$ cat coords02.tsv   # TSV, C-alpha atoms (C1' of nucleotides)
chain	number	residue	atom	x	y	z
A	222	MET	CA	4.78	-13.35	-8.40
A	223	ALA	CA	3.83	-12.00	-5.02
A	224	THR	CA	0.05	-12.03	-5.23
A	225	GLU	CA	-1.93	-14.32	-7.50
A	226	PRO	CA	-5.54	-13.29	-8.09
A	227	TYR	CA	-6.36	-16.80	-9.21
A	228	THR	CA	-9.22	-17.15	-6.81
A	229	HIS	CA	-9.08	-13.78	-5.11
A	230	LEU	CA	-7.95	-15.81	-2.12
A	231	ALA	CA	-4.50	-15.71	-0.55
A	232	TYR	CA	-2.33	-18.82	-0.75
A	233	TYR	CA	-2.35	-19.38	2.99
A	234	GLU	CA	-6.13	-18.90	3.06
A	235	ARG	CA	-6.56	-21.52	0.38
A	236	LEU	CA	-4.40	-23.93	2.34
A	237	VAL	CA	-6.43	-23.33	5.49
A	238	LEU	CA	-9.63	-24.01	3.59
A	239	GLN	CA	-8.21	-27.08	1.91
A	240	ILE	CA	-7.10	-28.66	5.18
A	241	LYS	CA	-10.34	-27.83	6.95
A	242	THR	CA	-12.24	-29.46	4.11
A	243	ARG	CA	-10.18	-32.63	4.26
A	244	ILE	CA	-10.75	-32.89	7.99
A	245	LEU	CA	-14.49	-32.43	7.59
A	246	GLN	CA	-14.56	-35.05	4.86
A	247	GLY	CA	-12.76	-37.51	7.13
A	248	ILE	CA	-9.76	-37.76	4.83
A	249	MET	CA	-7.71	-36.49	7.76
A	250	GLN	CA	-8.52	-38.01	11.14
A	251	PRO	CA	-7.95	-36.54	14.62
A	252	GLY	CA	-4.41	-37.32	15.73
A	253	ASP	CA	-3.03	-37.52	12.20
A	254	LYS	CA	0.26	-35.74	11.73
A	255	LEU	CA	0.42	-32.96	9.19
A	256	PRO	CA	3.42	-32.59	6.89
A	257	SER	CA	6.09	-30.34	8.35
A	258	VAL	CA	6.19	-26.71	7.36
A	259	ARG	CA	9.23	-27.29	5.20
A	260	GLU	CA	7.90	-30.47	3.57
A	261	MET	CA	4.52	-28.93	2.82
A	262	ALA	CA	6.35	-25.97	1.32
A	263	LYS	CA	8.03	-28.29	-1.18
A	264	GLN	CA	4.77	-30.07	-2.01
A	265	GLU	CA	2.84	-26.86	-2.60
A	266	GLN	CA	5.72	-24.99	-4.19
A	267	LEU	CA	5.37	-22.25	-1.60
A	268	ASN	CA	7.59	-20.52	0.91
A	269	PRO	CA	7.81	-22.15	4.37
A	270	ASN	CA	6.67	-18.86	5.90
A	271	THR	CA	3.42	-19.05	3.98
A	272	ILE	CA	2.78	-22.56	5.28
A	273	ALA	CA	3.61	-21.49	8.81
A	274	LYS	CA	1.07	-18.72	8.53
A	275	ALA	CA	-1.58	-21.22	7.48
A	276	TYR	CA	-0.74	-23.58	10.34
A	277	LYS	CA	-0.88	-20.74	12.83
A	278	GLN	CA	-4.32	-19.81	11.55
A	279	LEU	CA	-5.49	-23.41	11.79
A	280	GLU	CA	-4.26	-23.63	15.37
A	281	ALA	CA	-6.03	-20.36	16.23
A	282	ASP	CA	-9.22	-21.87	14.78
A	283	GLY	CA	-8.72	-24.97	16.92
A	284	VAL	CA	-8.65	-27.50	14.12
A	285	ILE	CA	-5.05	-28.53	14.72
A	286	TYR	CA	-2.72	-28.52	17.73
A	287	VAL	CA	1.04	-28.19	17.91
A	288	GLU	CA	3.42	-30.22	20.03
A	289	PRO	CA	6.62	-28.18	20.19
A	290	GLY	CA	9.48	-29.97	18.55
A	291	ARG	CA	7.29	-32.86	17.37
A	292	GLY	CA	4.92	-31.49	14.79
A	293	SER	CA	1.33	-30.48	14.08
A	294	PHE	CA	-1.63	-32.80	14.45
A	295	VAL	CA	-5.33	-32.82	13.63
A	296	ALA	CA	-7.42	-31.91	16.69
A	297	GLU	CA	-10.71	-33.39	17.87
A	298	PRO	CA	-13.64	-31.79	16.05
A	299	LEU	CA	-15.50	-29.10	17.99
A	300	LYS	CA	-19.08	-29.91	18.93
A	301	HIS	CA	-20.47	-26.59	19.98
A	302	ALA	CA	-19.03	-23.16	19.23
A	303	ASN	CA	-18.96	-20.67	22.08
A	304	SER	CA	-21.04	-17.54	21.79
A	305	THR	CA	-18.17	-15.20	20.99
A	306	THR	CA	-17.14	-17.39	18.06
A	307	VAL	CA	-20.68	-17.38	16.76
A	308	ALA	CA	-20.98	-13.63	17.25
A	309	ALA	CA	-17.84	-13.12	15.20
A	310	PHE	CA	-19.00	-15.42	12.43
A	311	ARG	CA	-22.61	-14.30	12.07
A	312	PRO	CA	-21.90	-10.99	10.28
A	313	LYS	CA	-19.93	-12.80	7.59
A	314	PHE	CA	-22.84	-15.12	7.01
A	315	ASP	CA	-25.38	-12.30	6.91
A	316	ALA	CA	-23.22	-10.36	4.47
A	317	LEU	CA	-23.01	-13.32	2.12
A	318	VAL	CA	-26.76	-13.83	2.25
A	319	VAL	CA	-27.34	-10.20	1.30
A	320	GLU	CA	-24.85	-10.64	-1.51
A	321	ALA	CA	-26.68	-13.71	-2.76
A	322	GLN	CA	-30.10	-12.12	-2.73
A	323	SER	CA	-28.85	-9.06	-4.60
A	324	LEU	CA	-27.53	-11.38	-7.28
A	325	GLY	CA	-30.92	-13.01	-7.59
A	326	ILE	CA	-30.07	-16.07	-5.55
A	327	GLY	CA	-32.94	-16.52	-3.14
A	328	LEU	CA	-33.04	-17.95	0.36
A	329	ALA	CA	-34.70	-21.10	-0.94
A	330	THR	CA	-31.70	-21.82	-3.14
A	331	LEU	CA	-29.31	-21.41	-0.22
A	332	GLN	CA	-31.49	-23.71	1.87
A	333	ALA	CA	-31.33	-26.29	-0.89
A	334	TRP	CA	-27.54	-26.10	-1.04
A	335	LEU	CA	-27.30	-26.73	2.70
A	336	THR	CA	-29.69	-29.64	2.53
A	337	GLU	CA	-27.63	-31.08	-0.29
A	338	LYS	CA	-24.53	-30.91	1.89
A	339	GLU	CA	-26.29	-32.61	4.78
A	340	GLU	CA	-27.08	-35.54	2.54
A	341	HIS	CA	-23.61	-35.81	1.07
A	342	GLN	CA	-22.17	-35.77	4.57
A	343	ARG	CA	-23.70	-39.07	5.66
B	244	MET	CA	-5.94	7.00	8.07
B	245	ALA	CA	-5.66	4.89	4.98
B	246	THR	CA	-7.05	1.56	6.13
B	247	GLU	CA	-9.40	1.06	9.06
B	248	PRO	CA	-9.79	-2.54	10.24
B	249	TYR	CA	-13.08	-1.80	11.93
B	250	THR	CA	-14.83	-4.74	10.39
B	251	HIS	CA	-12.03	-6.22	8.31
B	252	LEU	CA	-14.07	-4.93	5.39
B	253	ALA	CA	-13.05	-2.13	3.02
B	254	TYR	CA	-15.03	1.10	3.16
B	255	TYR	CA	-16.38	0.71	-0.33
B	256	GLU	CA	-17.36	-2.89	0.42
B	257	ARG	CA	-19.24	-1.78	3.49
B	258	LEU	CA	-21.08	0.83	1.46
B	259	VAL	CA	-22.02	-1.74	-1.17
B	260	LEU	CA	-23.36	-4.06	1.51
B	261	GLN	CA	-25.24	-1.27	3.25
B	262	ILE	CA	-27.00	-0.14	0.08
B	263	LYS	CA	-27.83	-3.69	-0.97
B	264	THR	CA	-29.34	-4.30	2.45
B	265	ARG	CA	-31.50	-1.18	2.28
B	266	ILE	CA	-32.79	-2.19	-1.12
B	267	LEU	CA	-33.63	-5.69	0.07
B	268	GLN	CA	-35.40	-4.24	3.09
B	269	GLY	CA	-37.48	-2.00	0.86
B	270	ILE	CA	-36.08	1.18	2.39
B	271	MET	CA	-34.87	2.04	-1.09
B	272	GLN	CA	-37.30	1.38	-3.93
B	273	PRO	CA	-36.57	0.73	-7.62
B	274	GLY	CA	-36.22	4.05	-9.44
B	275	ASP	CA	-35.09	5.95	-6.34
B	276	LYS	CA	-32.18	8.25	-6.94
B	277	LEU	CA	-29.03	7.70	-4.94
B	278	PRO	CA	-27.08	10.62	-3.50
B	279	SER	CA	-24.43	11.88	-5.88
B	280	VAL	CA	-20.89	10.66	-5.47
B	281	ARG	CA	-19.81	13.99	-4.04
B	282	GLU	CA	-22.77	14.34	-1.71
B	283	MET	CA	-22.46	10.80	-0.39
B	284	ALA	CA	-18.78	11.48	0.17
B	285	LYS	CA	-19.68	14.34	2.50
B	286	GLN	CA	-22.28	12.25	4.34
B	287	GLU	CA	-19.99	9.32	4.90
B	288	GLN	CA	-16.87	11.40	5.43
B	289	LEU	CA	-15.13	9.56	2.64
B	290	ASN	CA	-13.32	10.44	-0.55
B	291	PRO	CA	-15.49	10.74	-3.69
B	292	ASN	CA	-13.28	8.16	-5.37
B	293	THR	CA	-14.21	5.61	-2.71
B	294	ILE	CA	-17.91	6.26	-3.27
B	295	ALA	CA	-17.45	6.01	-7.03
B	296	LYS	CA	-15.82	2.63	-6.57
B	297	ALA	CA	-18.80	1.43	-4.56
B	298	TYR	CA	-21.28	2.69	-7.16
B	299	LYS	CA	-19.34	1.02	-9.92
B	300	GLN	CA	-19.47	-2.25	-7.99
B	301	LEU	CA	-23.20	-1.89	-7.42
B	302	GLU	CA	-23.76	-1.26	-11.12
B	303	ALA	CA	-21.65	-4.33	-11.99
B	304	ASP	CA	-23.84	-6.37	-9.63
B	305	GLY	CA	-26.94	-5.02	-11.35
B	306	VAL	CA	-28.55	-3.48	-8.29
B	307	ILE	CA	-28.28	0.10	-9.58
B	308	TYR	CA	-28.10	1.70	-13.01
B	309	VAL	CA	-26.48	4.90	-14.17
B	310	GLU	CA	-27.94	7.50	-16.48
B	311	PRO	CA	-24.96	9.52	-17.70
B	312	GLY	CA	-25.14	13.10	-16.52
B	313	ARG	CA	-28.29	12.48	-14.47
B	314	GLY	CA	-27.32	10.22	-11.62
B	315	SER	CA	-27.58	6.68	-10.20
B	316	PHE	CA	-30.83	4.92	-9.54
B	317	VAL	CA	-32.02	1.73	-7.84
B	318	ALA	CA	-32.65	-1.01	-10.39
B	319	GLU	CA	-35.45	-3.53	-10.53
B	320	PRO	CA	-34.68	-6.55	-8.35
B	321	LEU	CA	-33.37	-9.61	-10.17
B	322	LYS	CA	-35.60	-12.64	-10.13
B	323	HIS	CA	-33.31	-15.39	-11.31
B	324	ALA	CA	-29.53	-15.32	-11.43
B	325	ASN	CA	-27.89	-16.63	-14.58
B	326	SER	CA	-25.72	-19.70	-14.33
B	327	THR	CA	-22.39	-17.89	-14.58
B	328	THR	CA	-23.34	-15.65	-11.67
B	329	VAL	CA	-24.29	-18.68	-9.60
B	330	ALA	CA	-21.10	-20.48	-10.59
B	331	ALA	CA	-19.06	-17.50	-9.41
B	332	PHE	CA	-20.92	-17.24	-6.13
B	333	ARG	CA	-21.10	-20.89	-5.13
B	334	PRO	CA	-17.44	-21.26	-4.06
B	335	LYS	CA	-17.76	-18.36	-1.66
B	336	PHE	CA	-20.74	-19.99	-0.08
B	337	ASP	CA	-19.06	-23.38	0.17
B	338	ALA	CA	-15.98	-21.82	1.72
B	339	LEU	CA	-18.04	-20.10	4.38
B	340	VAL	CA	-19.88	-23.32	5.20
B	341	VAL	CA	-16.58	-25.14	5.69
B	342	GLU	CA	-15.44	-22.28	7.87
B	343	ALA	CA	-18.58	-22.54	9.97
B	344	GLN	CA	-18.35	-26.28	10.47
B	345	SER	CA	-14.71	-26.07	11.52
B	346	LEU	CA	-15.73	-23.55	14.17
B	347	GLY	CA	-18.34	-25.95	15.48
B	348	ILE	CA	-21.28	-24.25	13.81
B	349	GLY	CA	-23.27	-27.06	12.23
B	350	LEU	CA	-25.39	-27.13	9.10
B	351	ALA	CA	-28.52	-27.20	11.22
B	352	THR	CA	-27.62	-23.86	12.76
B	353	LEU	CA	-27.09	-22.30	9.34
B	354	GLN	CA	-30.41	-23.71	8.19
B	355	ALA	CA	-32.07	-22.13	11.21
B	356	TRP	CA	-30.54	-18.75	10.43
B	357	LEU	CA	-31.90	-18.87	6.90
B	358	THR	CA	-35.34	-19.88	8.06
B	359	GLU	CA	-35.28	-17.00	10.51
B	360	LYS	CA	-34.53	-14.59	7.68
B	361	GLU	CA	-37.36	-15.97	5.57
B	362	GLU	CA	-39.78	-15.20	8.37
B	363	HIS	CA	-38.47	-11.71	9.02
B	364	GLN	CA	-38.75	-10.98	5.32
B	365	ARG	CA	-42.52	-11.23	5.17
C	122	DC	C1'	26.04	-35.61	23.94
C	123	DT	C1'	25.22	-35.02	19.00
C	124	DA	C1'	22.54	-34.53	15.08
C	125	DC	C1'	18.29	-33.82	13.11
C	126	DG	C1'	13.53	-32.29	12.50
C	127	DT	C1'	9.98	-29.52	14.48
C	128	DG	C1'	7.38	-24.85	14.83
C	129	DT	C1'	8.41	-20.15	15.47
C	130	DA	C1'	10.42	-15.43	15.21
C	131	DC	C1'	12.73	-12.28	13.19
C	132	DT	C1'	14.70	-8.87	9.00
C	133	DA	C1'	14.24	-7.42	4.38
C	134	DT	C1'	12.27	-6.99	-0.36
C	135	DT	C1'	8.64	-6.88	-3.95
C	136	DA	C1'	3.91	-6.43	-5.45
C	137	DT	C1'	-0.81	-5.46	-4.84
C	138	DA	C1'	-4.99	-3.23	-2.92
C	139	DC	C1'	-7.21	0.44	-0.27
C	140	DA	C1'	-8.03	5.17	0.67
C	141	DC	C1'	-6.71	9.55	0.11
C	142	DG	C1'	-6.11	14.48	-2.62
C	143	DG	C1'	-6.58	16.71	-6.77
C	144	DT	C1'	-7.72	17.52	-11.62
C	145	DA	C1'	-10.15	16.93	-15.86
C	146	DC	C1'	-13.60	15.23	-19.14
C	147	DA	C1'	-18.30	14.07	-21.40
C	148	DC	C1'	-22.78	14.08	-20.49
C	149	DA	C1'	-27.69	15.88	-19.21
C	150	DT	C1'	-30.43	19.41	-17.45
C	151	DA	C1'	-32.17	23.96	-15.85
D	111	DT	C1'	-24.15	29.14	-20.26
D	112	DA	C1'	-23.75	27.24	-15.84
D	113	DT	C1'	-24.35	23.46	-12.84
D	114	DG	C1'	-24.50	18.69	-11.38
D	115	DT	C1'	-23.68	14.00	-12.81
D	116	DG	C1'	-20.53	9.71	-13.21
D	117	DT	C1'	-16.05	8.64	-14.68
D	118	DA	C1'	-11.01	8.55	-15.61
D	119	DC	C1'	-6.87	9.77	-14.61
D	120	DC	C1'	-2.03	10.88	-11.74
D	121	DG	C1'	0.27	10.70	-7.54
D	122	DT	C1'	0.95	9.44	-2.38
D	123	DG	C1'	0.88	6.79	1.90
D	124	DT	C1'	-0.15	2.57	4.15
D	125	DA	C1'	-1.38	-2.21	5.03
D	126	DT	C1'	-1.16	-6.93	3.57
D	127	DA	C1'	0.59	-11.02	0.90
D	128	DA	C1'	4.32	-13.69	-0.54
D	129	DT	C1'	8.91	-14.15	-1.22
D	130	DA	C1'	14.11	-15.17	0.66
D	131	DG	C1'	17.08	-15.96	4.26
D	132	DT	C1'	18.69	-16.61	9.06
D	133	DA	C1'	18.31	-18.02	13.74
D	134	DC	C1'	16.36	-19.97	18.00
D	135	DA	C1'	14.14	-23.40	21.45
D	136	DC	C1'	12.29	-27.57	21.66
D	137	DG	C1'	11.80	-32.93	21.32
D	138	DT	C1'	13.48	-37.15	19.66
D	139	DA	C1'	16.52	-40.66	17.75
D	140	DG	C1'	21.25	-41.90	16.80
$ encode --input "coords02.tsv" --output "structure tokens"
Amino acid sequence: MATEPYTHLAYYERLVLQIKTRILQGIMQPGDKLPSVREMAKQEQLNPNTIAKAYKQLEADGVIYVEPGRGSFVAEPLKHANSTTVAAFRPKFDALVVEAQSLGIGLATLQAWLTEKEEHQR
Amino acid sequence: MATEPYTHLAYYERLVLQIKTRILQGIMQPGDKLPSVREMAKQEQLNPNTIAKAYKQLEADGVIYVEPGRGSFVAEPLKHANSTTVAAFRPKFDALVVEAQSLGIGLATLQAWLTEKEEHQR
DNA sequence: CTACGTGTACTATTATACACGGTACACATA
DNA sequence: TATGTGTACCGTGTATAATAGTACACGTAG
């Protein structure tokens, strides 16, 4: 039971995505304390190491911060990404757009999806 | 020399993306014959098995077709994706959007990137 | 000070995916 | 018949994911 191709996404990646989503939705507010590595491991039925990996990733992405000995907390949302971050992200976006178009999903459809999100986010 | 984290993308995935891009750009036209698995392997300095994996993926995505014993050819571009294809793709898109927003890249920026592509594509 | 909870850093094992080398087969064509 | 085509194997080495378990440095509450 090492790797589960449920979603073709690793457990820790799913956790990262899940937490990021909750923060964006406002379910988790800046300053909120996250469950401890060990507690989250029980909740999610995963190994503490897997949770730690997710938390480390989240900290690297700047969405949480760690106070040694106290715990992990939701960080203030970033307003503007620096150019190196954007430069690293852009290829992933371009690749997905190519993927979409090859599948017959046009740019107009992607535009519509984004617009839909903008509306749901207010 | 088994895995090369150049781009954090597998060789065969890079090939798939490269060929899809060339087709979308019109560099490769429908009906054009692709280099054989063995020839492409020499060009790209890769193992024929790796090329075969890429071709198989491209065929599964419907961007090329195979005539047994003759070779692989560029397929006609898809106009509309069926609903199952869209349903499979949508989560990837949503995940990337969440990723972007967490990095401080807003929806407006993504919209702008798409608009930019629409212009360059005419 | 003591005890506890916190994130983190190790070692080790198992399973999967990627890329490689090599061989073999069924097919179409010259 | 001979060649080129995609494809299907077997085996090997390596990297990554997830597991289990232990240990450490830190902050806080008793």
$ closest_atom_pairs --input "coords02.tsv" --of "chain C" --to "chain A" --cutoff "10 Å" --atoms "all atoms listed in the file" --output "Markdown table"
| residue | atom | partner | partner_atom | distance |
| --- | --- | --- | --- | --- |
| C:DG126 | C1' | A:Gly290 | CA | 7.6 |
| C:DT127 | C1' | A:Gly290 | CA | 4.1 |
| C:DG128 | C1' | A:Pro289 | CA | 6.4 |
| C:DT129 | C1' | A:Ala273 | CA | 8.3 |
| C:DT135 | C1' | A:Ala223 | CA | 7.1 |
| C:DA136 | C1' | A:Ala223 | CA | 5.6 |
| C:DT137 | C1' | A:Thr224 | CA | 6.6 |
$ atom_distance --input "coords02.tsv" --atom1 "CA of Thr271 in chain A" --atom2 "CA of Phe310 in chain A"
24.2 Å
$ residues_around --input "coords02.tsv" --residues "Leu357 in chain B" --least-positions-apart "5" --cutoff "12 Å" --atoms "all atoms listed in the file" --output "PyMOL selection string"
(chain A and resi 311+314-315+317-319+322+327-336) or (chain B and resi 350-352+362-364)
$ atom_distance --input "coords02.tsv" --atom1 "CA of Gly305 in chain B" --atom2 "CA of Gly325 in chain A"
9.7 Å
$ interface_residues --input "coords02.tsv" --of "chain B" --to "chain A" --cutoff "7 Å" --atoms "all atoms listed in the file" --output "number ranges by chain"
B: 260, 263-264, 304, 306, 321-324, 338, 341, 345-348, 350, 354, 357
$ write_last_selection --input "coords02.tsv" --atoms "C-alpha atoms" --output "mmCIF file, in the coordinates of the input"
data_model
loop_
_atom_site.group_PDB
_atom_site.id
_atom_site.type_symbol
_atom_site.label_atom_id
_atom_site.label_comp_id
_atom_site.auth_asym_id
_atom_site.auth_seq_id
_atom_site.Cartn_x
_atom_site.Cartn_y
_atom_site.Cartn_z
ATOM 1 C CA LEU B 260 -23.360 -4.060 1.510
ATOM 2 C CA LYS B 263 -27.830 -3.690 -0.970
ATOM 3 C CA THR B 264 -29.340 -4.300 2.450
ATOM 4 C CA ASP B 304 -23.840 -6.370 -9.630
ATOM 5 C CA VAL B 306 -28.550 -3.480 -8.290
ATOM 6 C CA LEU B 321 -33.370 -9.610 -10.170
ATOM 7 C CA LYS B 322 -35.600 -12.640 -10.130
ATOM 8 C CA HIS B 323 -33.310 -15.390 -11.310
ATOM 9 C CA ALA B 324 -29.530 -15.320 -11.430
ATOM 10 C CA ALA B 338 -15.980 -21.820 1.720
ATOM 11 C CA VAL B 341 -16.580 -25.140 5.690
ATOM 12 C CA SER B 345 -14.710 -26.070 11.520
ATOM 13 C CA LEU B 346 -15.730 -23.550 14.170
ATOM 14 C CA GLY B 347 -18.340 -25.950 15.480
ATOM 15 C CA ILE B 348 -21.280 -24.250 13.810
ATOM 16 C CA LEU B 350 -25.390 -27.130 9.100
ATOM 17 C CA GLN B 354 -30.410 -23.710 8.190
ATOM 18 C CA LEU B 357 -31.900 -18.870 6.900
#
$ interface_residues --input "coords02.tsv" --of "chain D" --to "chain B" --cutoff "12 Å" --atoms "only C-alpha atoms (C1' of nucleotides)" --output "list in words"
DT113, DG114, DT115, DG116, DT117, DA118, DC119, DT122, DG123, DT124, DA125 and DT126 of chain D
$ atom_distance --input "coords02.tsv" --atom1 "CA of Ala296 in chain A" --atom2 "CA of Gly252 in chain A"
6.3 Å
$ closest_residue --input "coords02.tsv" --among "A:Pro251, A:Gln246, A:Leu236, A:Leu267" --to "DA130 in chain D" --atoms "only C-alpha atoms (C1' of nucleotides)"
A:Leu267
